[in-house]
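Here's the structure we're looking at; comments come further down.
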Amino acid sequence: MKKVFIIDDHSLFCQALEVLINRFEDYEVSFIGHNGKELIHRLQDAALPKPDVVLLDVKMPVLDGLETMTWLTAHFPEIPVLALSMEDEDLTVIQMLRKGVKGYLLKDVKPEILKKALDDTLNFGFHQNEKVSKVLMKNLKSDQIRSHLKEKEIEFIRLCCSELTYKEIATVMNLSPKTIDGYREALFEKLDVKSRVGLVMFAIRNKLMVVE
């Protein structure tokens, strides 16, 4: 049985999610924590088994999802983490992806999608959903990507991985907002992505940026 850890500060949600996951074939919830610090304490106990995958909320007291991912990346980078949150803002998603989560799900996700996300993460190391284009799953190398992208496009993609707004990106690149809009739309079409999050995922998958 694959061990799943749930880290979320809403007790009722955790209980319902535990019941659901325990019904999935080959999965069982073996630990529930209500903030990142509880997860850290559990992982620091060498006598206890480690999880096969962690479901991590973003907004939590004591230690939130971003802070928890920073610690996990430093101490247990081999443990795959799926973000499961109510937060749907692009910048929040981007921040979590940059921290190293293997996928980002909203809490209203259907059970079959959650099951697929768990399977994908363990089988392929990543989960693709509506926020992530199929192109992100291709095993392309950085030099291959660069051969299809102009330097300005690569610079734009990297800046999209930051917390800058499109207007601020225009200032950094010394271009007009209208020109930046053109870059964005052209890249959406070229890379077959539909959002800024898609661009970030593309950059992460193809090593155009370093995960923090």
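Starting from 1 in every chain, residues are counted up; chains themselves are A, B, ... following the order of the structure tokens, and ligands are numbered from 1 as listed.
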(request) For Arg23 in chain A, work out the shell of residues within 12 Å, counting only C-alpha atoms and skipping chain neighbours fewer than 6 positions away, then give it as an NGL selection string. (result) :A and (1 or 16-17 or 29 or 111-112 or 115)
How would the residues just chosen look if you wrote them out with C-alpha atoms as an mmCIF file, in the first residue's frame?
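So again.cif came out as:
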data_model
loop_
_atom_site.group_PDB
_atom_site.id
_atom_site.type_symbol
_atom_site.label_atom_id
_atom_site.label_comp_id
_atom_site.auth_asym_id
_atom_site.auth_seq_id
_atom_site.Cartn_x
_atom_site.Cartn_y
_atom_site.Cartn_z
ATOM 1 C CA MET A 1 0.000 0.000 0.000
ATOM 2 C CA ALA A 16 -13.378 13.159 4.512
ATOM 3 C CA LEU A 17 -10.249 13.019 2.363
ATOM 4 C CA VAL A 29 -3.574 7.568 4.629
ATOM 5 C CA PRO A 111 -12.253 11.707 -6.818
ATOM 6 C CA GLU A 112 -11.147 10.105 -10.072
ATOM 7 C CA LYS A 115 -6.669 9.207 -7.891
#
(request) From a DSSP calculation on the backbone, collect every residue of range 7-172 of chain A in strand (DSSP E or B) and output the set as a list in words. (result) Ile7, Tyr27, Glu28, Val29, Ser30, Phe31, Ile32, Gly33, Val53, Val54, Leu55, Leu56, Val81, Leu82, Ala83, Leu84, Ser85, Gly103, Tyr104, Leu105 and Leu106 of chain A
(message) Using DSSP assignments from the backbone, pull out every residue in chain A that falls under helix (DSSP H, G or I) and give it to me as number ranges by chain.
(response) A: 11-23, 36-43, 65-75, 90-99, 111-124, 134-137, 142-148, 151-160, 166-172, 177-191, 196-205
Just-selected residues, C-alpha atoms written as an mmCIF file, in the first residue's frame:
data_model
loop_
_atom_site.group_PDB
_atom_site.id
_atom_site.type_symbol
_atom_site.label_atom_id
_atom_site.label_comp_id
_atom_site.auth_asym_id
_atom_site.auth_seq_id
_atom_site.Cartn_x
_atom_site.Cartn_y
_atom_site.Cartn_z
ATOM 1 C CA SER A 11 -10.094 18.701 10.350
ATOM 2 C CA LEU A 12 -13.383 17.795 8.674
ATOM 3 C CA PHE A 13 -11.829 18.052 5.230
ATOM 4 C CA CYS A 14 -8.950 15.844 6.342
ATOM 5 C CA GLN A 15 -11.307 13.218 7.700
ATOM 6 C CA ALA A 16 -13.378 13.159 4.512
ATOM 7 C CA LEU A 17 -10.249 13.019 2.363
ATOM 8 C CA GLU A 18 -8.847 10.172 4.441
ATOM 9 C CA VAL A 19 -12.007 8.110 3.921
ATOM 10 C CA LEU A 20 -11.874 8.796 0.184
ATOM 11 C CA ILE A 21 -8.211 7.910 -0.275
ATOM 12 C CA ASN A 22 -8.495 4.754 1.805
ATOM 13 C CA ARG A 23 -11.071 3.574 -0.714
ATOM 14 C CA GLY A 36 3.893 22.102 8.126
ATOM 15 C CA LYS A 37 5.566 21.891 11.520
ATOM 16 C CA GLU A 38 3.639 18.720 12.374
ATOM 17 C CA LEU A 39 4.822 17.195 9.106
ATOM 18 C CA ILE A 40 8.419 18.153 9.855
ATOM 19 C CA HIS A 41 8.254 16.595 13.335
ATOM 20 C CA ARG A 42 6.910 13.378 11.825
ATOM 21 C CA LEU A 43 9.578 13.200 9.117
ATOM 22 C CA GLY A 65 2.643 25.346 2.310
ATOM 23 C CA LEU A 66 5.353 27.558 0.846
ATOM 24 C CA GLU A 67 7.475 27.427 3.993
ATOM 25 C CA THR A 68 6.935 23.695 4.278
ATOM 26 C CA MET A 69 8.031 23.129 0.679
ATOM 27 C CA THR A 70 11.191 25.119 1.296
ATOM 28 C CA TRP A 71 12.070 22.775 4.158
ATOM 29 C CA LEU A 72 11.080 19.628 2.259
ATOM 30 C CA THR A 73 13.142 20.574 -0.781
ATOM 31 C CA ALA A 74 16.174 21.043 1.460
ATOM 32 C CA HIS A 75 15.753 17.913 3.594
ATOM 33 C CA ASP A 90 -1.815 32.248 -10.614
ATOM 34 C CA LEU A 91 0.950 33.660 -8.421
ATOM 35 C CA THR A 92 0.146 31.208 -5.625
ATOM 36 C CA VAL A 93 0.254 28.305 -8.052
ATOM 37 C CA ILE A 94 3.506 29.599 -9.535
ATOM 38 C CA GLN A 95 5.094 29.955 -6.103
ATOM 39 C CA MET A 96 4.226 26.384 -5.146
ATOM 40 C CA LEU A 97 5.453 25.019 -8.457
ATOM 41 C CA ARG A 98 8.727 26.881 -8.065
ATOM 42 C CA LYS A 99 9.098 25.321 -4.636
ATOM 43 C CA PRO A 111 -12.253 11.707 -6.818
ATOM 44 C CA GLU A 112 -11.147 10.105 -10.072
ATOM 45 C CA ILE A 113 -8.897 13.082 -10.836
ATOM 46 C CA LEU A 114 -7.346 12.912 -7.374
ATOM 47 C CA LYS A 115 -6.669 9.207 -7.891
ATOM 48 C CA LYS A 116 -5.088 9.942 -11.268
ATOM 49 C CA ALA A 117 -2.970 12.692 -9.708
ATOM 50 C CA LEU A 118 -1.632 10.254 -7.119
ATOM 51 C CA ASP A 119 -0.946 7.624 -9.788
ATOM 52 C CA ASP A 120 0.720 10.107 -12.139
ATOM 53 C CA THR A 121 2.938 11.504 -9.407
ATOM 54 C CA LEU A 122 4.195 8.078 -8.369
ATOM 55 C CA ASN A 123 4.448 6.631 -11.877
ATOM 56 C CA PHE A 124 5.718 9.616 -13.843
ATOM 57 C CA LYS A 134 0.400 18.086 -22.707
ATOM 58 C CA VAL A 135 3.558 19.629 -24.113
ATOM 59 C CA LEU A 136 4.929 19.802 -20.569
ATOM 60 C CA MET A 137 5.071 16.017 -20.382
ATOM 61 C CA SER A 142 16.912 22.631 -22.763
ATOM 62 C CA ASP A 143 19.007 23.010 -25.916
ATOM 63 C CA GLN A 144 16.134 21.651 -28.005
ATOM 64 C CA ILE A 145 13.769 24.151 -26.432
ATOM 65 C CA ARG A 146 16.162 27.022 -27.037
ATOM 66 C CA SER A 147 16.439 26.115 -30.695
ATOM 67 C CA HIS A 148 12.717 26.836 -31.049
ATOM 68 C CA GLU A 151 16.327 34.770 -26.531
ATOM 69 C CA LYS A 152 13.718 37.424 -25.751
ATOM 70 C CA GLU A 153 11.067 34.716 -25.491
ATOM 71 C CA ILE A 154 13.226 32.726 -23.082
ATOM 72 C CA GLU A 155 13.833 35.862 -21.028
ATOM 73 C CA PHE A 156 10.083 36.535 -20.960
ATOM 74 C CA ILE A 157 9.332 32.971 -19.821
ATOM 75 C CA ARG A 158 11.892 33.243 -17.029
ATOM 76 C CA LEU A 159 10.427 36.531 -15.860
ATOM 77 C CA CYS A 160 6.978 34.926 -15.875
ATOM 78 C CA TYR A 166 3.125 41.663 -16.904
ATOM 79 C CA LYS A 167 3.466 45.455 -16.662
ATOM 80 C CA GLU A 168 6.549 45.098 -14.485
ATOM 81 C CA ILE A 169 7.989 42.521 -16.888
ATOM 82 C CA ALA A 170 7.557 45.059 -19.690
ATOM 83 C CA THR A 171 9.580 47.564 -17.680
ATOM 84 C CA VAL A 172 12.362 45.071 -16.944
ATOM 85 C CA PRO A 177 2.993 46.450 -22.398
ATOM 86 C CA LYS A 178 1.482 45.888 -25.851
ATOM 87 C CA THR A 179 4.658 44.144 -27.029
ATOM 88 C CA ILE A 180 4.648 41.979 -23.896
ATOM 89 C CA ASP A 181 1.040 41.025 -24.611
ATOM 90 C CA GLY A 182 2.229 39.950 -28.048
ATOM 91 C CA TYR A 183 4.991 37.781 -26.569
ATOM 92 C CA ARG A 184 2.498 36.187 -24.207
ATOM 93 C CA GLU A 185 -0.074 35.325 -26.855
ATOM 94 C CA ALA A 186 2.571 34.079 -29.288
ATOM 95 C CA LEU A 187 4.101 31.798 -26.666
ATOM 96 C CA PHE A 188 0.710 30.495 -25.568
ATOM 97 C CA GLU A 189 0.154 29.376 -29.146
ATOM 98 C CA LYS A 190 3.695 28.150 -29.814
ATOM 99 C CA LEU A 191 3.912 26.088 -26.632
ATOM 100 C CA ARG A 196 0.955 32.005 -17.198
ATOM 101 C CA VAL A 197 0.984 28.929 -14.995
ATOM 102 C CA GLY A 198 1.392 26.880 -18.164
ATOM 103 C CA LEU A 199 4.462 28.919 -19.090
ATOM 104 C CA VAL A 200 5.949 28.370 -15.638
ATOM 105 C CA MET A 201 5.319 24.644 -15.807
ATOM 106 C CA PHE A 202 6.933 24.572 -19.239
ATOM 107 C CA ALA A 203 9.996 26.338 -17.844
ATOM 108 C CA ILE A 204 10.252 23.942 -14.892
ATOM 109 C CA ARG A 205 9.782 20.811 -16.966
#
(request) In Å, rounded to a single decimal, give me how far CA of Asn35 in chain A is from CA of Lys110 in chain A. (result) 23.9 Å
(message) Please compute the CA of Lys150 in chain A-CA of Leu208 in chain A distance, one decimal, in Å.
(response) 12.9 Å
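Comparing A:Val101, A:Ile7, A:Ser30, A:Glu25 by their smallest distance to Lys59 in chain A, the closest is A:Ile7 (using only C-alpha atoms).
When CA of Gln44 in chain A is paired with CA of Gly100 in chain A, their separation reads 19.8 Å.
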(request) Name the closest residue to Phe76 in chain A among the candidates A:Val58, A:Cys161, A:Val53, A:Leu106; distances are taken between atoms, counting only C-alpha atoms. (result) A:Val53
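Distances from A:Lys107, A:His34, A:His10, A:Lys3 to Pro80 in chain A were compared using only C-alpha atoms, and the smallest one belongs to A:Lys3.
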